[in-house]
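Shown next, in structure tokens, is the structure this report addresses.
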Amino acid sequence: MDQNLLAVIVGIVEGLTEFLPVSSTGHMIIVGHMLGFEGPLADVFDVFVQLGAILSVIFIYKERFARFFTKDGWDVNKGLSVWHVAAGIVPVMAVAFFLYKYIKAYLFSPFTVAIGLFLGGVLLMYAEHRTKGREAELVDDVDKISIKQAIWVGIYQFLSLWPGFSRSGSTIAGGLLVGLTRNAAANYTFLIAVPLMFVACIYDLLKNLSGLSAGDLQVLAIGFVVSFVVAYASVLWFLKFLHKYDLTSFAVYRILLAGFTYWYFYL
């Protein structure tokens, strides 16, 4: 398959799935294996398209990120602060740093992804079940999240270290279980994703950049732009979706995809 077409396809997959609770890493592994898109270029490409998705969230929440660079952005008593963001990402960043090579070596396969997709779907269903009928008790504004809730969401984020579990899936489900509404949990998830993903992407990029050639730049640029545009639309759609519907449909999709993945690669 033409590499430019591959860049478009994988860029669309990344943009659609990065911030939805369906696991972008899982989808990228499945699609990469199905299309035979592997090797040094694929490794760097995966990072570049993630950076495109990150940039889309920065655009959507630009006022919020700008506030983090002000005095109020560091005050825990004046809404969501830098400390709330740090509470949600520092623990998982530390653990991921030490487990990185083991995760890459042993967990990046369609089989492990299928397991993560299934268990993540079950977690979403459980979180929805636990909060059904209790919506009035939940924190409905991202600026009202406590440091304790942020820490607990960060702990749930440990699950996302297993490919297929989904970073947004684990944190949104975790947010529900610690007393946040779907929208508050989603907004917090998207905001903490930016620094977390940025650090992870730069780390990955530095490890794999030496395998690139000048001819690969066009493929990377196409994937970056496609991922940015699709992720921008995906996040805005998802936030509107959460005003009307719960996460059950995503849970069902994950479980069906887990079954398809196992069938396609192992039966």
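Labels used: A, B, ... for chains in the order of the structure tokens, numbers from 1 for residues in each chain, and numbers from 1 for ligands as shown.
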Surrounding residues of range 170-175 of chain A excluding itself and chain neighbours under 3 positions, 6 Å, only C-alpha atoms, as a PyMOL selection string: chain A and resi 124+127+153+156-157+166-167+178+180+185-186
Give me a file of those residues, with N, CA, C and O atoms, as an mmCIF file, in the first residue's frame.
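Wrote it out as part_4.cif, contents follow:
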```cif
data_model
loop_
_atom_site.group_PDB
_atom_site.id
_atom_site.type_symbol
_atom_site.label_atom_id
_atom_site.label_comp_id
_atom_site.auth_asym_id
_atom_site.auth_seq_id
_atom_site.Cartn_x
_atom_site.Cartn_y
_atom_site.Cartn_z
ATOM 1 N N LEU A 124 -15.946 0.318 32.098
ATOM 2 C CA LEU A 124 -16.873 1.390 31.727
ATOM 3 C C LEU A 124 -18.302 1.033 32.134
ATOM 4 O O LEU A 124 -19.031 1.875 32.680
ATOM 5 N N ALA A 127 -18.618 1.342 35.929
ATOM 6 C CA ALA A 127 -18.665 2.734 36.368
ATOM 7 C C ALA A 127 -20.037 3.346 36.098
ATOM 8 O O ALA A 127 -20.577 4.079 36.942
ATOM 9 N N VAL A 153 -8.113 9.629 40.251
ATOM 10 C CA VAL A 153 -8.211 9.471 38.791
ATOM 11 C C VAL A 153 -6.848 9.062 38.231
ATOM 12 O O VAL A 153 -6.752 8.205 37.348
ATOM 13 N N TYR A 156 -6.321 5.383 38.763
ATOM 14 C CA TYR A 156 -7.024 4.595 37.749
ATOM 15 C C TYR A 156 -6.273 4.628 36.419
ATOM 16 O O TYR A 156 -6.355 3.683 35.626
ATOM 17 N N GLN A 157 -5.533 5.686 36.183
ATOM 18 C CA GLN A 157 -4.800 5.819 34.932
ATOM 19 C C GLN A 157 -3.681 4.783 34.803
ATOM 20 O O GLN A 157 -3.201 4.514 33.703
ATOM 21 N N SER A 166 -6.976 1.753 27.447
ATOM 22 C CA SER A 166 -7.339 3.133 27.114
ATOM 23 C C SER A 166 -7.081 4.099 28.255
ATOM 24 O O SER A 166 -7.605 3.938 29.363
ATOM 25 N N ARG A 167 -6.287 5.116 27.955
ATOM 26 C CA ARG A 167 -6.012 6.150 28.952
ATOM 27 C C ARG A 167 -7.283 6.925 29.270
ATOM 28 O O ARG A 167 -7.647 7.119 30.436
ATOM 29 N N VAL A 178 -15.070 8.048 41.343
ATOM 30 C CA VAL A 178 -14.659 8.895 42.472
ATOM 31 C C VAL A 178 -15.537 10.135 42.611
ATOM 32 O O VAL A 178 -15.209 11.046 43.372
ATOM 33 N N LEU A 180 -17.257 12.136 39.875
ATOM 34 C CA LEU A 180 -17.348 13.163 38.840
ATOM 35 C C LEU A 180 -18.418 12.782 37.825
ATOM 36 O O LEU A 180 -18.690 11.600 37.610
ATOM 37 N N ALA A 185 -15.310 14.497 34.157
ATOM 38 C CA ALA A 185 -14.252 13.499 34.021
ATOM 39 C C ALA A 185 -13.588 13.600 32.655
ATOM 40 O O ALA A 185 -12.357 13.497 32.535
ATOM 41 N N ALA A 186 -14.375 13.802 31.597
ATOM 42 C CA ALA A 186 -13.821 13.907 30.243
ATOM 43 C C ALA A 186 -12.957 15.151 30.103
ATOM 44 O O ALA A 186 -11.847 15.084 29.544
#
```
Residues near Trp162 in chain A, cut-off 9 Å, only C-alpha atoms, skip fewer than 4 positions along chain, as a list in words: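 Returned residues: Ile103, Leu107, Phe108, Thr112, Val113, Gly116, Phe158 and Ser166 of chain A.
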Dump as a CSV table (one decimal), in the first residue's frame, selection limited to N, CA and C atoms:
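out.csv, written as the output of this step:
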```csv
chain,number,residue,atom,x,y,z
A,103,ILE,N,6.8,-3.0,29.0
A,103,ILE,CA,5.5,-2.8,28.3
A,103,ILE,C,5.7,-3.0,26.8
A,107,LEU,N,3.8,-6.4,25.9
A,107,LEU,CA,2.3,-6.1,25.9
A,107,LEU,C,1.8,-5.5,24.6
A,108,PHE,N,2.7,-5.3,23.6
A,108,PHE,CA,2.3,-4.7,22.4
A,108,PHE,C,2.0,-5.8,21.3
A,112,THR,N,-2.8,-9.1,23.7
A,112,THR,CA,-2.8,-8.3,24.9
A,112,THR,C,-3.8,-7.2,24.8
A,113,VAL,N,-3.8,-6.6,23.5
A,113,VAL,CA,-4.8,-5.5,23.3
A,113,VAL,C,-6.2,-6.0,23.4
A,116,GLY,N,-7.1,-6.1,27.0
A,116,GLY,CA,-7.3,-4.7,27.5
A,116,GLY,C,-8.6,-4.1,27.1
A,158,PHE,N,-3.3,4.2,35.9
A,158,PHE,CA,-2.3,3.1,35.9
A,158,PHE,C,-2.7,2.0,34.9
A,166,SER,N,-7.0,1.8,27.4
A,166,SER,CA,-7.3,3.1,27.1
A,166,SER,C,-7.1,4.1,28.3
```
Closest atom pairs, residues of range 4-88 of chain A within 10 Å of range 219-223 of chain A, only C-alpha atoms, as a Markdown table:
```
| residue | atom | partner | partner_atom | distance |
| --- | --- | --- | --- | --- |
| A:Asn4 | CA | A:Val219 | CA | 5.6 |
| A:Leu5 | CA | A:Val219 | CA | 8.8 |
| A:Leu6 | CA | A:Val219 | CA | 8.4 |
| A:Ala7 | CA | A:Gly223 | CA | 4.8 |
| A:Val8 | CA | A:Gly223 | CA | 5.8 |
| A:Ile9 | CA | A:Gly223 | CA | 8.3 |
| A:Val10 | CA | A:Gly223 | CA | 7.0 |
| A:Gly11 | CA | A:Gly223 | CA | 4.6 |
| A:Ile12 | CA | A:Gly223 | CA | 8.1 |
| A:Glu14 | CA | A:Gly223 | CA | 9.0 |
| A:Gly15 | CA | A:Gly223 | CA | 9.5 |
| A:Leu41 | CA | A:Leu220 | CA | 8.8 |
| A:Ala42 | CA | A:Leu220 | CA | 9.6 |
| A:Val44 | CA | A:Leu220 | CA | 8.2 |
| A:Phe45 | CA | A:Leu220 | CA | 5.8 |
| A:Asp46 | CA | A:Gly223 | CA | 8.7 |
| A:Val47 | CA | A:Leu220 | CA | 9.4 |
| A:Phe48 | CA | A:Leu220 | CA | 6.4 |
| A:Val49 | CA | A:Gly223 | CA | 5.5 |
| A:Gln50 | CA | A:Gly223 | CA | 9.2 |
| A:Leu51 | CA | A:Gly223 | CA | 9.9 |
| A:Gly52 | CA | A:Gly223 | CA | 8.0 |
```
Top pick for closest residue to His27 in chain A, considering A:Val229, A:Ala96, A:Leu257, A:Ala66 and counting only C-alpha atoms: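 Among A:Val229, A:Ala96, A:Leu257, A:Ala66, it is A:Leu257 that comes nearest to His27 in chain A.
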Which of A:Phe250, A:Ile147, A:Val230, A:Lys101 sits closest to Lys207 in chain A [using only C-alpha atoms]: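 Comparing A:Phe250, A:Ile147, A:Val230, A:Lys101 against Lys207 in chain A, the winner is A:Lys101.
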Nearby residues (only C-alpha atoms) at most 12 Å from Arg182 in chain A, same-chain spacing under 2 positions excluded, as a PyMOL selection string: chain A and resi 21+124+127-128+131-132+135+138-142+168-169+171-180+184-189+238-248
Two-atom distance - CA of Ile255 in chain A, CA of Val122 in chain A (Å):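 Computed distance, CA of Ile255 in chain A to CA of Val122 in chain A, equals 8.0 Å.
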